[in-house]
$ cat my_file-v3.cif   # mmCIF, C-alpha atoms
data_start
loop_
_atom_site.label_atom_id
_atom_site.label_comp_id
_atom_site.auth_asym_id
_atom_site.auth_seq_id
_atom_site.Cartn_x
_atom_site.Cartn_y
_atom_site.Cartn_z
CA MET A 1 32.65 -23.20 7.42
CA ARG A 2 34.06 -21.44 4.38
CA THR A 3 34.12 -17.87 3.08
CA ILE A 4 32.27 -16.73 -0.02
CA THR A 5 30.87 -13.54 -1.49
CA MET A 6 27.15 -12.95 -1.41
CA ILE A 7 26.83 -13.07 -5.20
CA GLY A 8 28.80 -16.31 -5.14
CA ALA A 9 26.37 -17.75 -2.59
CA ILE A 10 23.43 -16.73 -4.78
CA ARG A 11 25.01 -18.38 -7.80
CA GLU A 12 25.56 -21.56 -5.78
CA ALA A 13 21.91 -21.59 -4.72
CA ILE A 14 20.75 -21.30 -8.33
CA GLU A 15 23.16 -23.98 -9.55
CA GLU A 16 22.27 -26.44 -6.79
CA GLU A 17 18.53 -25.97 -7.27
CA MET A 18 18.87 -26.41 -11.04
CA LYS A 19 20.66 -29.69 -10.41
CA ARG A 20 18.05 -30.76 -7.88
CA ASP A 21 15.02 -29.94 -10.05
CA GLU A 22 15.03 -29.96 -13.85
CA ASN A 23 12.01 -27.63 -13.85
CA VAL A 24 14.12 -24.75 -12.50
CA ILE A 25 15.05 -22.31 -15.28
CA MET A 26 16.56 -18.84 -15.30
CA LEU A 27 15.60 -15.86 -17.46
CA GLY A 28 17.09 -12.40 -17.77
CA GLU A 29 19.28 -9.95 -19.61
CA ASP A 30 22.96 -10.78 -20.18
CA ILE A 31 22.77 -14.05 -18.22
CA GLY A 32 24.28 -16.09 -21.07
CA GLU A 33 27.96 -15.78 -21.97
CA MET A 34 28.31 -12.71 -19.74
CA GLY A 35 26.99 -14.60 -16.71
CA GLY A 36 24.63 -11.86 -15.60
CA PRO A 37 25.18 -8.17 -14.84
CA PHE A 38 26.52 -9.03 -11.38
CA GLY A 39 27.76 -12.58 -12.03
CA SER A 40 24.89 -14.63 -10.62
CA ALA A 41 24.78 -16.89 -13.71
CA LYS A 42 28.50 -17.21 -14.37
CA GLY A 43 29.21 -20.57 -16.01
CA LEU A 44 25.60 -21.74 -15.85
CA LEU A 45 24.99 -21.48 -19.60
CA GLU A 46 27.80 -23.95 -20.25
CA GLU A 47 26.51 -26.26 -17.51
CA PHE A 48 22.78 -26.25 -18.27
CA GLY A 49 22.47 -24.98 -21.85
CA PRO A 50 20.30 -22.30 -23.48
CA GLY A 51 17.11 -24.24 -22.83
CA ARG A 52 17.39 -23.52 -19.11
CA ILE A 53 19.59 -20.40 -19.00
CA ILE A 54 17.49 -18.16 -21.22
CA GLN A 55 19.05 -14.85 -22.18
CA THR A 56 16.28 -12.42 -23.04
CA PRO A 57 15.98 -9.17 -24.96
CA ILE A 58 15.78 -5.93 -22.99
CA SER A 59 12.09 -6.42 -22.26
CA GLU A 60 11.35 -6.80 -18.57
CA TRP A 61 7.60 -6.96 -19.24
CA GLY A 62 8.25 -9.77 -21.70
CA PHE A 63 10.39 -12.10 -19.62
CA THR A 64 8.46 -11.56 -16.38
CA GLY A 65 5.27 -12.38 -18.25
CA ILE A 66 6.92 -15.48 -19.75
CA SER A 67 8.01 -16.48 -16.25
CA VAL A 68 4.45 -16.27 -14.94
CA GLY A 69 3.22 -18.44 -17.80
CA ALA A 70 6.02 -20.94 -17.35
CA ALA A 71 5.31 -21.18 -13.61
CA VAL A 72 1.62 -21.82 -14.24
CA ARG A 73 2.63 -24.69 -16.57
CA GLY A 74 4.79 -26.36 -13.93
CA MET A 75 8.22 -24.78 -14.34
CA ARG A 76 10.06 -22.95 -11.57
CA PRO A 77 11.48 -19.86 -13.26
CA ILE A 78 14.00 -17.49 -11.71
CA ALA A 79 13.67 -14.12 -13.43
CA GLU A 80 16.43 -11.58 -12.87
CA LEU A 81 15.79 -7.86 -13.15
CA MET A 82 18.97 -5.91 -13.71
CA TYR A 83 17.72 -3.42 -11.08
CA ASN A 84 14.62 -3.51 -8.92
CA ASP A 85 13.76 -0.06 -10.24
CA PHE A 86 12.77 -1.66 -13.55
CA ILE A 87 9.68 -3.22 -11.96
CA SER A 88 7.97 -0.04 -13.17
CA VAL A 89 7.84 -1.45 -16.72
CA CYS A 90 6.70 -4.97 -15.76
CA LEU A 91 4.52 -4.56 -12.69
CA ASP A 92 1.36 -5.94 -14.31
CA PRO A 93 2.60 -9.56 -14.69
CA ILE A 94 3.82 -9.52 -11.10
CA MET A 95 1.05 -7.57 -9.34
CA ASN A 96 -2.02 -8.58 -11.34
CA GLN A 97 -1.05 -12.08 -12.50
CA ALA A 98 1.60 -13.80 -10.37
CA ALA A 99 0.32 -12.40 -7.09
CA LYS A 100 -3.36 -13.08 -7.73
CA LEU A 101 -3.75 -16.24 -9.81
CA CYS A 102 -3.74 -18.64 -6.85
CA TYR A 103 -6.43 -16.62 -5.09
CA MET A 104 -8.56 -16.06 -8.19
CA THR A 105 -8.57 -19.77 -9.06
CA GLY A 106 -9.38 -20.93 -5.57
CA GLY A 107 -5.98 -22.53 -5.19
CA GLN A 108 -6.17 -24.49 -8.44
CA VAL A 109 -3.23 -22.59 -9.94
CA SER A 110 0.10 -21.89 -8.26
CA VAL A 111 2.84 -19.58 -9.53
CA PRO A 112 6.17 -20.95 -8.21
CA MET A 113 8.50 -18.25 -9.53
CA VAL A 114 11.24 -16.06 -8.11
CA LEU A 115 11.88 -12.50 -9.21
CA ARG A 116 15.42 -11.51 -8.23
CA ALA A 117 15.81 -7.75 -8.04
CA PRO A 118 19.09 -6.00 -7.12
CA THR A 119 18.31 -3.04 -4.90
CA GLY A 120 19.83 -0.20 -2.94
CA THR A 121 22.02 2.87 -2.82
CA GLY A 122 25.76 3.37 -2.47
CA ARG A 123 26.96 2.54 -6.00
CA ARG A 124 26.34 5.95 -7.60
CA GLY A 125 23.56 4.62 -9.82
CA ALA A 126 21.45 7.79 -9.49
CA ALA A 127 17.68 8.03 -9.19
CA GLN A 128 16.62 5.29 -11.62
CA HIS A 129 19.04 2.57 -10.48
CA SER A 130 19.28 2.98 -6.70
CA GLN A 131 15.85 2.66 -5.16
CA ASN A 132 14.70 0.41 -2.33
CA MET A 133 11.23 -0.82 -3.21
CA GLU A 134 10.41 -3.41 -0.55
CA ALA A 135 7.39 -1.43 0.68
CA LEU A 136 5.83 -1.65 -2.79
CA PHE A 137 6.29 -5.41 -3.06
CA ALA A 138 5.21 -6.07 0.55
CA HIS A 139 2.02 -4.09 -0.06
CA ILE A 140 0.84 -6.50 -2.77
CA PRO A 141 -1.11 -9.47 -1.36
CA GLY A 142 0.10 -12.78 -2.76
CA LEU A 143 3.81 -11.95 -2.98
CA LYS A 144 6.48 -13.11 -0.55
CA VAL A 145 9.50 -10.83 -0.01
CA ILE A 146 13.01 -11.76 1.15
CA CYS A 147 15.86 -9.33 1.93
CA PRO A 148 19.10 -11.16 2.81
CA SER A 149 21.98 -9.41 4.54
CA CYS A 150 24.80 -11.98 4.28
CA PRO A 151 25.95 -14.86 2.04
CA GLN A 152 24.53 -17.64 4.27
CA ASP A 153 21.08 -16.07 4.36
CA ALA A 154 21.17 -15.18 0.68
CA LYS A 155 21.82 -18.79 -0.28
CA GLY A 156 19.45 -20.41 2.19
CA LEU A 157 16.56 -18.02 1.58
CA LEU A 158 16.91 -18.24 -2.19
CA LYS A 159 16.77 -22.03 -2.04
CA SER A 160 13.52 -21.83 -0.09
CA ALA A 161 12.17 -19.23 -2.50
CA ILE A 162 12.88 -21.44 -5.52
CA ARG A 163 11.12 -24.38 -3.86
CA ASP A 164 8.14 -22.28 -2.73
CA ASP A 165 4.86 -22.65 -4.61
CA ASP A 166 4.11 -18.91 -4.35
CA PRO A 167 5.82 -16.02 -6.17
CA VAL A 168 8.78 -14.68 -4.18
CA ILE A 169 10.56 -11.36 -4.66
CA SER A 170 14.24 -11.60 -3.70
CA LEU A 171 15.60 -8.12 -2.98
CA GLU A 172 19.40 -8.28 -2.95
CA HIS A 173 21.40 -5.18 -2.05
CA LYS A 174 23.97 -4.51 -4.76
CA ALA A 175 26.52 -3.19 -2.27
CA LEU A 176 26.42 -6.56 -0.46
CA TYR A 177 27.19 -8.65 -3.56
CA PRO A 178 31.02 -8.43 -3.23
CA GLN A 179 31.06 -8.71 0.55
CA LYS A 180 32.40 -11.96 1.96
CA GLY A 181 30.98 -13.98 4.81
CA GLU A 182 31.13 -17.42 6.33
CA ILE A 183 28.79 -20.08 5.03
CA ASP A 184 27.95 -23.44 6.59
CA ASP A 185 27.47 -26.12 3.96
CA SER A 186 25.50 -28.25 6.41
CA ILE A 187 22.69 -25.67 6.20
CA ASP A 188 20.41 -26.13 3.22
CA ALA A 189 17.27 -24.04 2.75
CA ILE A 190 16.42 -21.38 5.37
CA PRO A 191 12.65 -21.21 6.02
CA LEU A 192 10.88 -18.06 4.92
CA GLY A 193 9.36 -16.00 7.71
CA VAL A 194 12.03 -16.70 10.33
CA ALA A 195 14.05 -13.73 11.60
CA SER A 196 17.58 -13.99 13.00
CA VAL A 197 19.05 -12.28 16.07
CA LYS A 198 22.41 -11.13 14.79
CA ARG A 199 23.47 -9.64 18.14
CA GLU A 200 22.09 -10.07 21.65
CA GLY A 201 21.38 -7.00 23.78
CA SER A 202 19.27 -5.78 26.68
CA ASP A 203 18.83 -2.01 26.37
CA VAL A 204 17.31 -1.43 22.95
CA SER A 205 16.23 -3.46 19.91
CA ILE A 206 17.20 -2.53 16.37
CA ILE A 207 14.84 -4.15 13.87
CA THR A 208 16.21 -4.07 10.35
CA TRP A 209 17.00 -5.95 7.13
CA SER A 210 19.31 -6.03 4.09
CA ARG A 211 22.37 -3.76 4.10
CA GLN A 212 21.23 -1.87 7.17
CA VAL A 213 21.87 -5.02 9.21
CA GLN A 214 25.59 -4.49 8.61
CA PHE A 215 25.34 -0.81 9.51
CA SER A 216 23.30 -1.65 12.62
CA LEU A 217 25.90 -4.17 13.81
CA GLU A 218 28.61 -1.56 13.37
CA ALA A 219 26.49 0.93 15.29
CA ALA A 220 25.94 -1.64 18.05
CA ASP A 221 29.70 -2.02 18.48
CA ARG A 222 30.03 1.74 18.93
CA LEU A 223 27.07 1.86 21.31
CA ALA A 224 28.63 -0.86 23.44
CA GLU A 225 31.57 1.46 24.04
CA GLN A 226 29.05 3.87 25.60
CA GLY A 227 27.57 1.13 27.76
CA ILE A 228 24.44 0.61 25.64
CA GLN A 229 23.75 -3.04 24.87
CA THR A 230 21.90 -3.25 21.56
CA GLU A 231 20.04 -6.24 20.16
CA VAL A 232 20.01 -6.45 16.35
CA LEU A 233 17.15 -8.39 14.78
CA ASP A 234 17.55 -9.19 11.09
CA LEU A 235 14.06 -9.81 9.72
CA ARG A 236 15.43 -11.56 6.61
CA THR A 237 11.87 -12.00 5.31
CA LEU A 238 9.36 -9.15 5.17
CA VAL A 239 6.52 -11.31 3.87
CA PRO A 240 5.84 -13.50 5.77
CA LEU A 241 6.96 -11.43 8.75
CA ASP A 242 8.30 -13.06 11.90
CA TRP A 243 6.09 -11.16 14.31
CA ASP A 244 6.94 -13.52 17.17
CA ALA A 245 10.62 -12.56 16.92
CA ILE A 246 9.69 -8.87 16.99
CA CYS A 247 7.54 -9.47 20.08
CA ARG A 248 10.37 -11.30 21.82
CA THR A 249 13.00 -8.65 21.24
CA VAL A 250 10.76 -5.66 22.07
CA SER A 251 9.43 -7.38 25.20
CA LYS A 252 13.05 -8.01 26.21
CA THR A 253 14.48 -4.50 25.75
CA HIS A 254 11.30 -2.35 25.90
CA ARG A 255 12.69 -0.01 23.24
CA ALA A 256 12.60 -0.34 19.45
CA VAL A 257 14.47 1.39 16.65
CA ILE A 258 13.48 0.39 13.12
CA VAL A 259 16.21 0.97 10.53
CA GLU A 260 15.62 0.87 6.77
CA GLU A 261 17.28 2.26 3.67
CA ASP A 262 14.02 3.05 1.91
CA VAL A 263 12.52 6.54 2.15
CA ARG A 264 10.79 7.21 5.45
CA ARG A 265 7.37 8.12 4.03
CA CYS A 266 5.23 4.96 3.78
CA GLY A 267 8.30 2.75 4.20
CA PHE A 268 7.93 -0.80 5.52
CA GLY A 269 9.27 0.41 8.85
CA ALA A 270 6.07 2.38 9.33
CA GLU A 271 4.09 -0.88 9.17
CA ILE A 272 6.27 -2.47 11.84
CA ALA A 273 6.09 0.64 14.04
CA ALA A 274 2.30 0.70 13.79
CA GLU A 275 2.03 -2.98 14.73
CA ILE A 276 4.35 -2.52 17.71
CA GLY A 277 2.36 0.52 18.83
CA GLU A 278 -0.94 -1.33 18.58
CA LYS A 279 0.05 -4.69 20.04
CA LEU A 280 3.04 -4.05 22.32
CA PHE A 281 2.28 -0.59 23.69
CA ASP A 282 2.35 -1.71 27.33
CA THR A 283 5.81 -3.20 26.94
CA LEU A 284 7.40 0.04 25.64
CA ASP A 285 9.38 2.41 27.83
CA ALA A 286 9.68 4.95 25.01
CA PRO A 287 8.12 5.66 21.59
CA VAL A 288 9.17 3.56 18.61
CA VAL A 289 11.84 5.33 16.54
CA ARG A 290 12.24 5.03 12.77
CA VAL A 291 15.55 5.65 11.00
CA ALA A 292 15.18 5.84 7.22
CA ALA A 293 16.24 7.66 4.08
CA LEU A 294 15.11 11.17 3.29
CA ASN A 295 12.04 11.58 1.10
CA SER A 296 14.15 12.24 -1.97
CA SER A 297 15.15 10.66 -5.23
CA VAL A 298 18.66 9.26 -5.02
CA PRO A 299 21.20 11.87 -6.18
CA PHE A 300 24.06 10.96 -8.49
CA ALA A 301 26.61 13.12 -6.65
CA PRO A 302 28.40 10.87 -4.11
CA VAL A 303 28.32 13.43 -1.29
CA LEU A 304 24.59 13.99 -1.72
CA GLU A 305 23.81 10.28 -2.10
CA ASP A 306 25.60 9.47 1.14
CA GLU A 307 23.58 12.12 2.94
CA ILE A 308 20.15 10.69 2.24
CA PHE A 309 20.30 7.14 3.66
CA PRO A 310 21.18 5.92 7.19
CA HIS A 311 24.78 5.20 8.19
CA PRO A 312 26.12 3.77 11.46
CA GLU A 313 26.49 7.29 12.84
CA THR A 314 22.81 8.00 12.13
CA ILE A 315 21.78 4.83 13.94
CA VAL A 316 24.03 5.55 16.93
CA ASP A 317 22.52 9.02 17.34
CA ALA A 318 18.97 7.67 17.16
CA VAL A 319 19.63 4.97 19.76
CA VAL A 320 21.41 7.32 22.16
CA ASN A 321 18.57 9.84 21.94
CA LEU A 322 16.02 7.11 22.58
CA VAL A 323 17.82 5.60 25.56
CA ASN A 324 18.30 9.02 27.13
CA GLN A 325 14.60 9.92 26.96
#

$ encode --input "my_file-v3.cif" --output "structure tokens"
Amino acid sequence: MRTITMIGAIREAIEEEMKRDENVIMLGEDIGEMGGPFGSAKGLLEEFGPGRIIQTPISEWGFTGISVGAAVRGMRPIAELMYNDFISVCLDPIMNQAAKLCYMTGGQVSVPMVLRAPTGTGRRGAAQHSQNMEALFAHIPGLKVICPSCPQDAKGLLKSAIRDDDPVISLEHKALYPQKGEIDDSIDAIPLGVASVKREGSDVSIITWSRQVQFSLEAADRLAEQGIQTEVLDLRTLVPLDWDAICRTVSKTHRAVIVEEDVRRCGFGAEIAAEIGEKLFDTLDAPVVRVAALNSSVPFAPVLEDEIFPHPETIVDAVVNLVNQ
């Protein structure tokens, strides 16, 4: 085991997959000499050259479209959006081309590309640079969606995404990039669609992903002091979704709290809550609870930004209220 930052683990995954497969290329803004806005391509230009580390103009529509075309022709492009918010200017290549070409050609065409998209609040990026958009991506048939919460998962999931023959959206929380965690070099790719129990518990299940996994674990420590044993399930992959893991944890604790950083209205947590209500109703001792951000654009003011998305205190309150019902 060794310790590494999450952005360092992502960079390692890209470097190792580029060494393993000469068809892997990377496209994006400032990924050349600068090494990427967050450092995911640091040193890769010198190692692989401009033919594989392709610094693009500020044209998200352009380089995502190029990535789709390159994938159709047999390459495995990794396209990096500077922020996931910028999908608004390049959604057509992703939603109408990458996601649908395999289906529309009867499986004759595959689109093995990864779109890496930094996401999330907490860095004072304001309304256009701080959104969580996993519900949008998960809603589009044909896309796979990963949301790592730690360096080990970020590296292992990205390796699987690069090797996958379908388009994968990698949503990486910006606030997690500098955080350090242990990584086991004996673990290679982590299969998509397999959740991870980050903490065992018997009284209530927290189902979550991305940065809220860290907040949920902190909340679970506080809840343990009150005698409430909380299980924390990190979904890791939203599409495909590990429904079996959700069934196991809810059937074990009989209570479910879904925690997400996205806005509550039409968030991905609503999909999980609906599925639990339909398929696991008889196992529940209380209604499913959702903890999510307010239905608001992200403010620039730090005090206001911190008010809109869930923190450990928010999660603790929700769990205590549920258990005491």

$ resolve_selection --input "my_file-v3.cif" --expression "the PyMOL selection byres ((chain A and resi 121) around 9)" --output "compact mmCIF listing (two decimals) with C-alpha atoms, keeping the file's coordinate frame"
# COMPACT_ATOMS: atom_id res chain seq x y z
CA THR A 119 18.31 -3.04 -4.90
CA GLY A 120 19.83 -0.20 -2.94
CA GLY A 122 25.76 3.37 -2.47
CA ARG A 123 26.96 2.54 -6.00
CA ARG A 124 26.34 5.95 -7.60
CA GLY A 125 23.56 4.62 -9.82
CA ALA A 126 21.45 7.79 -9.49
CA HIS A 129 19.04 2.57 -10.48
CA SER A 130 19.28 2.98 -6.70
CA GLN A 131 15.85 2.66 -5.16
CA ASN A 132 14.70 0.41 -2.33
CA HIS A 173 21.40 -5.18 -2.05
CA LYS A 174 23.97 -4.51 -4.76
CA ALA A 175 26.52 -3.19 -2.27
CA GLU A 261 17.28 2.26 3.67
CA VAL A 298 18.66 9.26 -5.02
CA GLU A 305 23.81 10.28 -2.10
CA ASP A 306 25.60 9.47 1.14
CA PHE A 309 20.30 7.14 3.66

$ resolve_selection --input "my_file-v3.cif" --expression "the PyMOL selection byres ((chain A and resi 116) around 7)" --output "VMD selection string"
chain A and resid 79 to 81 114 to 115 117 to 118 169 to 171

$ closest_residue --input "my_file-v3.cif" --among "A:Val323, A:Ile228, A:Ile66, A:Leu280" --to "Val250 of chain A" --atoms "all atoms listed in the file"
A:Leu280

$ residues_around --input "my_file-v3.cif" --residues "Phe268 of chain A" --least-positions-apart "4" --cutoff "9 Å" --atoms "all atoms listed in the file" --output "count of residues only"
11

$ closest_residue --input "my_file-v3.cif" --among "A:Arg73, A:Lys19, A:Arg236, A:Arg265" --to "Arg52 of chain A" --atoms "all atoms listed in the file"
A:Lys19

$ closest_residue --input "my_file-v3.cif" --among "A:Leu143, A:Ala9, A:Leu235, A:Met1" --to "Lys100 of chain A" --atoms "all atoms listed in the file"
A:Leu143

$ resolve_selection --input "my_file-v3.cif" --expression "the PyMOL selection byres ((chain A and resi 101-112) around 9)" --output "list in words"
Val68, Gly69, Ala70, Ala71, Val72, Arg73, Gly74, Met75, Arg76, Pro77, Asn96, Gln97, Ala98, Ala99, Lys100, Met113, Val114, Gly142, Ala161, Ile162, Arg163, Asp164, Asp165, Asp166, Pro167 and Val168 of chain A
